[in-house]
Every structure is written in structure tokens, then in C-alpha cells.
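Novice: Sharing model.cif, mmCIF, C-alpha atoms:
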```cif
data_protein
loop_
_atom_site.label_atom_id
_atom_site.label_comp_id
_atom_site.auth_asym_id
_atom_site.auth_seq_id
_atom_site.Cartn_x
_atom_site.Cartn_y
_atom_site.Cartn_z
CA MET A 1 3.59 1.91 -10.37
CA ILE A 2 2.01 -1.47 -11.10
CA ARG A 3 -1.13 -0.74 -9.12
CA THR A 4 -1.58 2.62 -10.81
CA ALA A 5 -1.45 0.96 -14.23
CA ILE A 6 -4.06 -1.55 -13.19
CA ALA A 7 -6.25 1.22 -11.79
CA ILE A 8 -6.03 3.17 -15.04
CA ALA A 9 -7.13 0.14 -17.06
CA SER A 10 -10.03 -0.55 -14.74
CA THR A 11 -11.53 2.93 -15.13
CA ALA A 12 -12.64 2.10 -18.67
CA LEU A 13 -15.38 0.02 -17.14
CA TRP A 14 -17.21 3.07 -15.79
CA LEU A 15 -17.78 4.28 -19.32
CA ALA A 16 -20.06 1.29 -19.88
CA GLY A 17 -22.11 2.22 -16.81
CA ASN A 18 -21.19 -0.95 -14.98
CA ALA A 19 -21.99 -0.74 -11.28
CA PHE A 20 -19.17 -3.16 -10.60
CA ALA A 21 -16.60 -1.21 -12.56
CA GLN A 22 -13.78 -1.18 -10.05
CA GLN A 23 -13.40 -4.95 -10.34
CA GLN A 24 -14.95 -6.02 -13.65
CA PRO A 25 -12.97 -6.52 -16.88
CA ALA A 26 -14.37 -4.93 -20.06
CA PRO A 27 -11.97 -5.71 -22.89
CA ALA A 28 -14.12 -3.97 -25.51
CA ALA A 29 -14.00 -0.61 -23.73
CA PRO A 30 -11.15 1.76 -24.65
CA PRO A 31 -8.81 3.02 -21.93
CA VAL A 32 -9.89 6.21 -20.24
CA ASP A 33 -8.15 9.36 -21.37
CA PHE A 34 -7.62 11.06 -18.01
CA SER A 35 -6.69 14.29 -19.77
CA LYS A 36 -10.35 14.59 -20.77
CA VAL A 37 -11.81 13.89 -17.33
CA GLU A 38 -13.39 16.92 -15.71
CA ILE A 39 -13.90 17.33 -11.97
CA LYS A 40 -17.38 18.50 -11.01
CA THR A 41 -17.72 20.29 -7.66
CA THR A 42 -20.98 20.50 -5.70
CA ASP A 43 -21.27 22.82 -2.70
CA LEU A 44 -23.00 21.00 0.18
CA GLY A 45 -22.85 23.96 2.56
CA ASP A 46 -20.79 24.75 5.66
CA GLY A 47 -17.47 24.28 3.89
CA ILE A 48 -18.21 20.77 2.57
CA TYR A 49 -18.01 19.84 -1.12
CA MET A 50 -18.56 16.74 -3.24
CA LEU A 51 -16.19 16.16 -6.15
CA GLU A 52 -17.05 13.85 -9.05
CA GLY A 53 -14.52 12.76 -11.63
CA GLN A 54 -13.71 9.19 -12.65
CA GLY A 55 -14.34 6.59 -9.95
CA GLY A 56 -15.72 7.01 -6.46
CA ASN A 57 -17.10 10.30 -5.21
CA ILE A 58 -14.82 12.54 -3.13
CA THR A 59 -15.87 14.58 -0.10
CA VAL A 60 -13.86 17.68 0.83
CA ALA A 61 -14.30 19.24 4.28
CA ILE A 62 -12.61 22.58 4.90
CA ALA A 63 -11.39 23.56 8.38
CA ASN A 64 -9.69 26.76 9.52
CA ASN A 65 -6.24 25.20 9.27
CA GLY A 66 -6.54 22.47 6.68
CA ILE A 67 -8.70 20.10 4.65
CA ILE A 68 -10.03 16.60 5.29
CA MET A 69 -10.63 14.65 2.11
CA VAL A 70 -12.63 11.41 1.81
CA ASP A 71 -11.40 9.13 -1.01
CA GLY A 72 -9.01 10.11 -3.78
CA GLU A 73 -10.08 8.42 -7.05
CA PHE A 74 -7.19 7.54 -9.40
CA ALA A 75 -3.58 8.69 -9.33
CA PRO A 76 -3.63 10.39 -12.77
CA LEU A 77 -6.36 12.73 -11.51
CA HIS A 78 -4.29 14.00 -8.57
CA ASP A 79 -3.48 17.37 -10.13
CA LYS A 80 -7.03 17.95 -11.37
CA ILE A 81 -8.46 17.11 -7.96
CA LYS A 82 -6.04 19.53 -6.27
CA ASP A 83 -6.90 22.23 -8.79
CA ALA A 84 -10.62 21.76 -8.11
CA ILE A 85 -10.04 22.00 -4.37
CA SER A 86 -7.92 25.12 -4.78
CA LEU A 87 -10.93 26.89 -6.29
CA VAL A 88 -12.85 26.57 -3.00
CA SER A 89 -10.00 26.82 -0.46
CA ASN A 90 -6.33 27.68 -0.21
CA GLN A 91 -5.90 25.50 2.90
CA PRO A 92 -3.56 22.49 2.65
CA ILE A 93 -5.01 18.98 2.48
CA LYS A 94 -4.08 17.39 5.81
CA TYR A 95 -5.90 14.03 5.73
CA LEU A 96 -7.14 11.61 3.07
CA ILE A 97 -9.58 8.98 4.35
CA ASN A 98 -10.02 5.70 2.46
CA THR A 99 -13.57 4.39 2.79
CA HIS A 100 -12.39 0.96 1.53
CA PHE A 101 -9.57 -0.57 -0.51
CA HIS A 102 -10.89 -0.58 -4.10
CA GLY A 103 -8.66 1.21 -6.59
CA ASP A 104 -11.19 3.81 -7.75
CA HIS A 105 -11.15 5.16 -4.18
CA THR A 106 -7.52 4.54 -3.14
CA GLY A 107 -5.67 5.15 -6.40
CA GLY A 108 -4.74 8.66 -5.27
CA ASN A 109 -3.07 7.50 -2.05
CA ALA A 110 0.52 7.59 -3.26
CA PRO A 111 0.54 11.03 -4.95
CA PHE A 112 -1.35 12.67 -2.09
CA ALA A 113 0.95 11.03 0.46
CA LYS A 114 3.88 12.45 -1.50
CA ASP A 115 2.34 15.89 -0.90
CA GLY A 116 2.50 15.24 2.85
CA VAL A 117 -1.15 14.22 3.26
CA VAL A 118 -1.78 11.60 5.97
CA VAL A 119 -3.78 8.69 4.53
CA VAL A 120 -6.17 7.14 7.08
CA SER A 121 -8.17 3.92 6.90
CA GLU A 122 -9.64 1.06 8.87
CA VAL A 123 -6.90 -1.52 9.40
CA ASN A 124 -8.35 -4.07 6.96
CA VAL A 125 -7.91 -1.61 4.10
CA LYS A 126 -4.17 -1.51 4.65
CA ASN A 127 -4.08 -5.29 5.02
CA ARG A 128 -5.96 -5.87 1.76
CA LEU A 129 -3.83 -3.37 -0.17
CA ALA A 130 -0.61 -4.84 1.21
CA ALA A 131 -1.54 -8.44 0.50
CA GLY A 132 -3.26 -8.07 -2.87
CA THR A 133 -6.78 -9.27 -3.57
CA THR A 134 -8.81 -11.58 -5.81
CA ASN A 135 -12.13 -10.75 -7.47
CA GLY A 136 -14.69 -13.32 -6.33
CA LEU A 137 -16.72 -13.08 -9.54
CA THR A 138 -13.94 -13.18 -12.13
CA GLY A 139 -10.89 -14.54 -10.33
CA VAL A 140 -8.89 -11.50 -11.48
CA LYS A 141 -6.03 -10.81 -9.09
CA THR A 142 -4.82 -7.37 -8.02
CA PRO A 143 -1.20 -7.46 -6.84
CA PRO A 144 -0.01 -5.92 -3.58
CA ALA A 145 0.17 -2.14 -3.53
CA GLU A 146 3.52 -0.44 -3.24
CA ALA A 147 4.51 0.89 0.17
CA ASP A 148 3.83 4.54 -0.67
CA ALA A 149 0.19 3.70 -1.50
CA LEU A 150 -0.56 2.18 1.91
CA PRO A 151 -2.39 4.19 4.60
CA GLN A 152 -0.02 5.66 7.19
CA LYS A 153 -2.64 5.74 9.94
CA THR A 154 -5.08 2.91 10.65
CA TYR A 155 -7.79 2.42 13.24
CA THR A 156 -10.24 -0.19 14.48
CA GLY A 157 -13.79 0.48 15.64
CA ALA A 158 -13.99 4.27 15.58
CA PHE A 159 -11.69 7.26 15.15
CA LYS A 160 -11.91 11.05 15.13
CA ILE A 161 -9.95 13.49 13.01
CA ARG A 162 -9.90 17.00 14.50
CA LEU A 163 -8.85 20.20 12.82
CA ASP A 164 -9.64 23.77 13.91
CA GLY A 165 -13.38 24.14 13.33
CA ARG A 166 -13.92 20.66 11.88
CA VAL A 167 -14.35 17.15 13.28
CA ALA A 168 -14.67 14.02 11.15
CA ASP A 169 -16.14 10.99 12.92
CA LEU A 170 -14.98 7.75 11.33
CA ARG A 171 -16.61 4.41 12.08
CA HIS A 172 -15.93 0.95 10.76
CA ILE A 173 -18.88 -0.90 9.22
CA ALA A 174 -17.90 -4.56 9.35
CA ASN A 175 -18.54 -7.00 6.51
CA ALA A 176 -20.66 -4.77 4.30
CA HIS A 177 -19.24 -3.70 0.91
CA THR A 178 -15.89 -5.15 2.07
CA ASP A 179 -14.41 -5.99 5.47
CA GLY A 180 -12.81 -2.56 5.82
CA ASP A 181 -15.55 -0.01 5.16
CA THR A 182 -15.54 3.38 6.87
CA TYR A 183 -18.30 5.94 6.94
CA VAL A 184 -17.44 9.56 7.75
CA TRP A 185 -19.88 11.79 9.62
CA PHE A 186 -19.42 15.56 9.62
CA LYS A 187 -22.01 16.23 12.31
CA THR A 188 -21.94 20.02 12.47
CA ALA A 189 -22.32 20.24 8.70
CA ASN A 190 -24.92 17.44 8.63
CA VAL A 191 -23.05 15.62 5.85
CA LEU A 192 -22.49 11.85 5.69
CA ALA A 193 -19.95 10.16 3.37
CA THR A 194 -20.75 6.47 3.02
CA GLY A 195 -18.27 5.03 0.56
CA ASP A 196 -19.66 2.12 -1.43
CA THR A 197 -21.92 0.86 1.35
CA PHE A 198 -24.42 3.15 -0.41
CA THR A 199 -24.53 3.67 -4.18
CA ASN A 200 -27.35 6.04 -5.10
CA GLY A 201 -29.74 4.79 -7.79
CA ARG A 202 -27.83 1.63 -8.67
CA TYR A 203 -27.15 -1.83 -7.38
CA PRO A 204 -24.02 -2.03 -5.22
CA ASN A 205 -21.08 -4.32 -5.67
CA ILE A 206 -20.77 -6.55 -2.62
CA ASP A 207 -17.19 -7.82 -2.53
CA PHE A 208 -17.97 -11.18 -0.92
CA ALA A 209 -14.46 -12.52 -1.61
CA ASN A 210 -13.00 -9.74 0.55
CA GLY A 211 -15.38 -9.72 3.50
CA GLY A 212 -18.48 -8.14 1.95
CA ASN A 213 -21.98 -9.37 2.77
CA ILE A 214 -25.49 -8.09 1.99
CA LYS A 215 -26.43 -8.45 5.66
CA GLY A 216 -23.69 -5.98 6.57
CA MET A 217 -24.92 -3.62 3.83
CA ILE A 218 -28.41 -3.69 5.35
CA ALA A 219 -26.98 -3.15 8.82
CA ALA A 220 -24.95 -0.18 7.56
CA THR A 221 -27.92 1.53 5.93
CA GLY A 222 -30.03 0.94 9.03
CA LEU A 223 -27.40 2.72 11.10
CA TYR A 224 -27.25 5.61 8.62
CA LEU A 225 -31.02 6.09 8.74
CA LYS A 226 -30.81 6.53 12.52
CA LEU A 227 -27.97 9.01 12.13
CA VAL A 228 -29.36 11.32 9.43
CA ASN A 229 -32.41 13.57 9.16
CA ASP A 230 -34.39 15.03 6.28
CA ARG A 231 -31.83 17.84 5.82
CA THR A 232 -28.72 15.63 5.72
CA ARG A 233 -26.65 15.65 2.53
CA ILE A 234 -25.42 12.12 1.86
CA VAL A 235 -22.37 11.56 -0.36
CA PRO A 236 -22.66 8.02 -1.77
CA GLY A 237 -19.75 6.02 -3.11
CA HIS A 238 -21.22 6.42 -6.58
CA GLY A 239 -24.17 8.36 -7.92
CA ALA A 240 -25.66 11.76 -7.22
CA ILE A 241 -25.83 13.47 -3.84
CA ALA A 242 -28.64 11.83 -1.87
CA ASP A 243 -31.13 12.47 0.90
CA LYS A 244 -32.70 10.29 3.58
CA ALA A 245 -35.59 9.18 1.37
CA GLN A 246 -33.22 7.90 -1.34
CA LEU A 247 -31.17 6.06 1.27
CA ALA A 248 -34.34 4.47 2.64
CA ALA A 249 -35.36 3.32 -0.85
CA TYR A 250 -31.93 1.77 -1.34
CA ARG A 251 -32.17 -0.10 1.96
CA SER A 252 -35.64 -1.35 1.05
CA MET A 253 -34.22 -2.74 -2.21
CA LEU A 254 -31.44 -4.54 -0.31
CA ILE A 255 -33.92 -6.11 2.09
CA THR A 256 -36.14 -7.27 -0.77
CA ALA A 257 -33.13 -8.78 -2.54
CA ARG A 258 -31.95 -10.54 0.61
CA ASP A 259 -35.35 -12.02 1.37
CA ARG A 260 -35.95 -13.30 -2.15
CA MET A 261 -32.49 -14.79 -2.41
CA ALA A 262 -32.72 -16.39 1.04
CA LYS A 263 -35.72 -18.43 -0.14
CA LEU A 264 -33.89 -19.59 -3.28
CA VAL A 265 -30.83 -20.58 -1.27
CA LYS A 266 -33.03 -22.41 1.25
CA ASP A 267 -34.62 -24.29 -1.66
CA GLY A 268 -31.16 -25.50 -2.71
CA LYS A 269 -30.85 -23.48 -5.91
CA SER A 270 -27.41 -23.17 -7.51
CA GLU A 271 -25.81 -19.94 -8.66
CA ASP A 272 -26.77 -20.72 -12.28
CA ASP A 273 -30.32 -21.48 -11.16
CA VAL A 274 -30.78 -18.13 -9.47
CA VAL A 275 -29.26 -16.16 -12.35
CA ALA A 276 -31.66 -17.89 -14.73
CA ALA A 277 -34.61 -17.21 -12.40
CA LYS A 278 -34.04 -13.42 -12.55
CA PRO A 279 -35.37 -12.88 -9.03
CA PHE A 280 -34.83 -9.10 -9.16
CA ALA A 281 -36.34 -8.45 -12.59
CA ASP A 282 -38.82 -5.91 -11.25
CA LEU A 283 -36.02 -4.03 -9.46
CA ASP A 284 -33.74 -3.84 -12.49
CA ALA A 285 -35.49 -0.92 -14.18
CA LYS A 286 -34.51 1.39 -11.32
CA TRP A 287 -31.29 -0.16 -10.05
CA ALA A 288 -29.49 -1.93 -12.94
CA PRO A 289 -27.66 0.24 -15.50
CA SER A 290 -26.95 -2.86 -17.61
CA GLU A 291 -27.77 -6.56 -17.94
CA LEU A 292 -24.31 -7.37 -16.58
CA ALA A 293 -24.98 -5.26 -13.49
CA SER A 294 -28.23 -7.15 -12.96
CA LYS A 295 -26.56 -10.56 -13.22
CA ASN A 296 -23.64 -9.55 -11.03
CA PHE A 297 -25.93 -8.28 -8.29
CA ILE A 298 -27.76 -11.62 -8.31
CA ARG A 299 -24.44 -13.39 -7.99
CA VAL A 300 -23.06 -11.31 -5.13
CA VAL A 301 -26.28 -11.59 -3.15
CA TYR A 302 -26.29 -15.34 -3.75
CA HIS A 303 -22.72 -15.69 -2.49
CA SER A 304 -23.53 -13.53 0.54
CA LEU A 305 -26.18 -16.01 1.62
CA ALA A 306 -24.92 -19.33 0.23
CA ASP A 307 -21.20 -19.26 1.00
CA LYS A 308 -19.77 -20.33 4.30
CA PRO A 309 -18.01 -17.23 5.66
CA GLU A 310 -14.26 -17.49 5.96
CA THR A 311 -14.08 -14.46 8.22
CA LYS A 312 -14.17 -14.92 11.98
CA HIS A 313 -15.41 -11.41 12.59
CA PRO A 314 -17.96 -11.47 15.45
CA PHE A 315 -20.20 -8.93 13.71
CA LEU A 316 -20.81 -11.25 10.76
CA LYS A 317 -21.28 -14.22 13.06
CA ARG A 318 -24.07 -12.38 14.86
CA LEU A 319 -25.73 -11.51 11.56
CA LEU A 320 -25.58 -15.11 10.41
CA ARG A 321 -27.12 -16.36 13.65
CA ARG A 322 -30.07 -14.01 13.11
CA SER A 323 -30.74 -15.23 9.56
#
```
The structure in this file should be written as C-alpha cells.

Specialist:
Amino acid sequence: MIRTAIAIASTALWLAGNAFAQQQPAPAAPPVDFSKVEIKTTDLGDGIYMLEGQGGNITVAIANNGIIMVDGEFAPLHDKIKDAISLVSNQPIKYLINTHFHGDHTGGNAPFAKDGVVVVSEVNVKNRLAAGTTNGLTGVKTPPAEADALPQKTYTGAFKIRLDGRVADLRHIANAHTDGDTYVWFKTANVLATGDTFTNGRYPNIDFANGGNIKGMIAATGLYLKLVNDRTRIVPGHGAIADKAQLAAYRSMLITARDRMAKLVKDGKSEDDVVAAKPFADLDAKWAPSELASKNFIRVVYHSLADKPETKHPFLKRLLRRS
């Protein structure tokens, strides 16, 4: 499939440690050899596991009559992911939840759907996949996904998936990483899967061209901090398993970045001006894996605050009125 080929090429970016890998071109990096990718499984307790391979983290929640899976990485890893899951459960995978539309999280949609898995997402994920998207930083276009890669079940607002002995609470976080983000809360297991609204130990990508906004990211993390406690295991979109303290540190970084950038935007600085000013230099040591990641984070925060929003979503309007 066309989209699968594009997704394969894009994975090379993660080898360079780029926090914006799912959308950034890196012509010097060789293509990823998926045959060499290993799936690492971490037991989070109470029948919940985190899988790490190539791309976004995967959460696997085992019920008495099936499995709920959050995100599916890339299509070529389908068999390896299934093999890793089979080592912890012989139950069938019933649901695959997309936390957002980026290819390193949705690339597995088509092969898992072929297995009979129901792919679930917030409605904007299906809309973005069906229409194709454009990278706001590079202008690179991703063509529409084929029909078999689109979610079969969509929701707005909130949704519950129930299996015997397991409930997944899904909620839409508007205009954060994208306009279609979902977090998944497994309350009885005290496990939260955030997608890319939280990337542990690194700057996030904020896809401002497709509904993302730093104000929504801050709102999302504020909601998470009210939801979790000191024993919660948090599965970020990228990075190691996290706790409440790490989530709080991430939110603090976002607030600092927003406040500094807001002053520069108010002073009439251009995008080139703010990149040259290096307003987050003191944050880079902890949060930027590369100089490119540092510059790109400056740019996405700038666009979050300087651009006139094209979306008419009421959530973002309320955020803008408060700024």
C-alpha cells in the first residue's frame, strides 16, 4: 500500500533520535530494516503491558475474553507485535485504538483489521487519514489512506470499550497534539495511555497544521494530573514508562515554553527571530535529543501562539480567549 511505503520510509527518522520523527524527512538516514526490530514488553501489572518497537508505544490490556490494544506502530511489525502479545496471552485481539492519526501509531491498522480486529478512533482521526495531510513545518504531503486502514468505529467526546473483566475509557482531547487525540484510561489497573499528548523526557511534536496547539497540550496534561495518583503507570506516546512526577515536570516545561513564546509573539517577533533567540536553551539539555528537535519545538510553539486558528472547535476558541 502507498501509505505503508511512506510509513516505512519515515521510521528511519527515529534512528536519529528526532522527536518529530513521524513527520520529518531525514534523507541521510538509511531505511529501517524491520527484520531487525525487536519488541520489548514491560509488565505494568493487572494484565496490562507496554510494548516498544519502532514508532509509538503500544499498550496491551488483557480481558477474560479478548485484548484491547492501544496503537499499532507500523504494518511490517504486525507479526512481531502479535508474537509478543502471544507470549503474555492467548486471547484474541478484539480492539485496536488509535490515539491519533500519525503513521507510527496507525500504520498497523490495515493488517490488524484484516485479522478481524475493530479499529477505534476519535472521528477526526478517520477524517485526517481519509483526506491526507500536510506537514506544517516541511510542507510534505501524506496521501489519503486506503479504505482498509481507516478506523471502523469512531466516536466524539467520550467512549467506553467493555470486555469481560476490562473497561477502557476513551476521551477526546481537543486541539492538543492534533485535533483527534484520544487518551485511554484503564481505571481498575491504574494505567493511563496518553498517545503523543505526553512524550516522556523529550519535547513533543505539536502538529499545528492538523489541529494541534500547545494550549491543548497543557490542558491535556492538567487533566491527566487530576486523574492519576502516585501509583499510576503512564504509557506515553514515546519514551519510557512514566509516573505522575515525570508528567508534572513535562507539563511545567510546556507552561514555561508557552509563557516565554507568548512574550516574543506579543513583541512582534517573526519565526526566524524566535529561532535565533533560542528561548528554550536552558530546557534543551533535558528535553531536546538533537538541535533539530530544539528548533522544531520552537517553531511549533511559535505557530501555536502566532497563527490564526483555522479550526472552529469551541474548545480551542475558549483557550484562545483565556490567553

Novice: Could you tell me, as a ChimeraX atom specification, exactly which residues end up selected when the PyMOL selection byres ((chain A and resi 79-83) around 12) is applied to this structure?

Specialist: /A:34-41,50-54,57-60,67,69,71-78,84-93,108,111-112,115,117

Novice: Identify which of the residues A:His238, A:His177, A:Lys187, A:Lys126 lies closest to A:Ser304, counting all atoms listed in the file when measuring atom-to-atom distances.

Specialist: A:His177

Novice: Using only C-alpha atoms, which of the listed residues (A:Val228, A:Leu264, A:Leu96, A:Ala174) sits closest to A:Phe186?

Specialist: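 For A:Phe186, the nearest of the candidates is A:Val228.
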
Novice: Please identify all polymer residues lying at most 12 Å from the point (0.4, -8.0, -1.8) (file coordinates), using only C-alpha atoms, and present the result as a PyMOL selection string.

Specialist: chain A and resi 2-3+126-134+141-147+149-150

Novice: Can you work out the spacing between atom CA of A:Arg299 and atom CA of A:Met217 in Å, to one decimal?

Specialist: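 Taking atom CA of A:Arg299 as the start and atom CA of A:Met217 as the end point, the length is 15.3 Å.
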
Novice: Quick one, how far is atom CA of A:Arg162 from atom CA of A:Asp46?

Specialist: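 Atom CA of A:Asp46 lies at a distance of 16.0 Å from atom CA of A:Arg162.
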
Novice: So what do you get for atom CA of A:Gly180 versus atom CA of A:Ala63, distance-wise?

Specialist: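 Between atom CA of A:Gly180 and atom CA of A:Ala63 the gap is 26.3 Å.
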
Novice: Nearest to A:Gly222: which of A:Trp185, A:Phe159, A:Phe208, A:Tyr250 is it, counting all atoms listed in the file?

Specialist: A:Tyr250

Novice: Since I can't run it myself right now, could you work out what the PyMOL selection byres ((chain A and resi 190) around 12) selects here and report it as an NGL selection string?

Specialist: :A and (44-48 or 61 or 166-169 or 184-189 or 191-193 or 227-235 or 243-244)

Novice: Apply the PyMOL selection byres ((chain A and resi 274) around 9) to the displayed file and report the matching residues as an NGL selection string.

Specialist: :A and (261 or 264-265 or 269-273 or 275-279 or 298-299 or 302)

Novice: Write out as a list in words each polymer residue whose atoms come within 6 Å of A:Ile97, counting all atoms listed in the file; drop sequence neighbours fewer than 4 positions from it.

Specialist: Val70, Asp71, Val119, Val120 and Ser121 of chain A

Novice: Counting only C-alpha atoms, which residues come within 9 Å of (-27.0, -1.6, 6.2), with the point read in the file's coordinates, and could you list them as a PyMOL selection string?

Specialist: chain A and resi 173+176+197-198+214-224+251+254

Novice: Atoms to include: C-alpha atoms. Write the selected residues as a CSV table (one decimal), in the frame of the given file.

Specialist:
```csv
chain,number,residue,atom,x,y,z
A,173,ILE,CA,-18.9,-0.9,9.2
A,176,ALA,CA,-20.7,-4.8,4.3
A,197,THR,CA,-21.9,0.9,1.4
A,198,PHE,CA,-24.4,3.2,-0.4
A,214,ILE,CA,-25.5,-8.1,2.0
A,215,LYS,CA,-26.4,-8.4,5.7
A,216,GLY,CA,-23.7,-6.0,6.6
A,217,MET,CA,-24.9,-3.6,3.8
A,218,ILE,CA,-28.4,-3.7,5.4
A,219,ALA,CA,-27.0,-3.2,8.8
A,220,ALA,CA,-25.0,-0.2,7.6
A,221,THR,CA,-27.9,1.5,5.9
A,222,GLY,CA,-30.0,0.9,9.0
A,223,LEU,CA,-27.4,2.7,11.1
A,224,TYR,CA,-27.2,5.6,8.6
A,251,ARG,CA,-32.2,-0.1,2.0
A,254,LEU,CA,-31.4,-4.5,-0.3
```

Novice: Using all atoms listed in the file, can you tell me which of A:Leu305, A:Ala158, A:Ala248, A:Ala257 comes closest to A:Asp282?

Specialist: A:Ala257

Novice: Could you tell me which of A:Thr42, A:Thr256, A:Asn98, A:Asn205 comes closest to A:Asn124 if we count only C-alpha atoms?

Specialist: A:Asn98

Novice: Pick out the closest residue to A:Asn210 from this set: A:Asp259, A:Gly116, A:Asn175, A:Ala285. Count all atoms listed in the file.

Specialist: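 Nearest candidate to A:Asn210 out of A:Asp259, A:Gly116, A:Asn175, A:Ala285: A:Asn175.
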
Novice: Pick out the residues sitting within 9 Å of A:Gly165, and hand them over as a PyMOL selection string; count all atoms listed in the file, and ignore anything fewer than 4 positions along from it in its own chain.

Specialist: chain A and resi 62-65

Novice: Emit the selected residues as an mmCIF file, keeping the file's coordinate frame, including C-alpha atoms.

Specialist:
```
data_model
loop_
_atom_site.group_PDB
_atom_site.id
_atom_site.type_symbol
_atom_site.label_atom_id
_atom_site.label_comp_id
_atom_site.auth_asym_id
_atom_site.auth_seq_id
_atom_site.Cartn_x
_atom_site.Cartn_y
_atom_site.Cartn_z
ATOM 1 C CA ILE A 62 -12.610 22.580 4.900
ATOM 2 C CA ALA A 63 -11.390 23.560 8.380
ATOM 3 C CA ASN A 64 -9.690 26.760 9.520
ATOM 4 C CA ASN A 65 -6.240 25.200 9.270
#
```
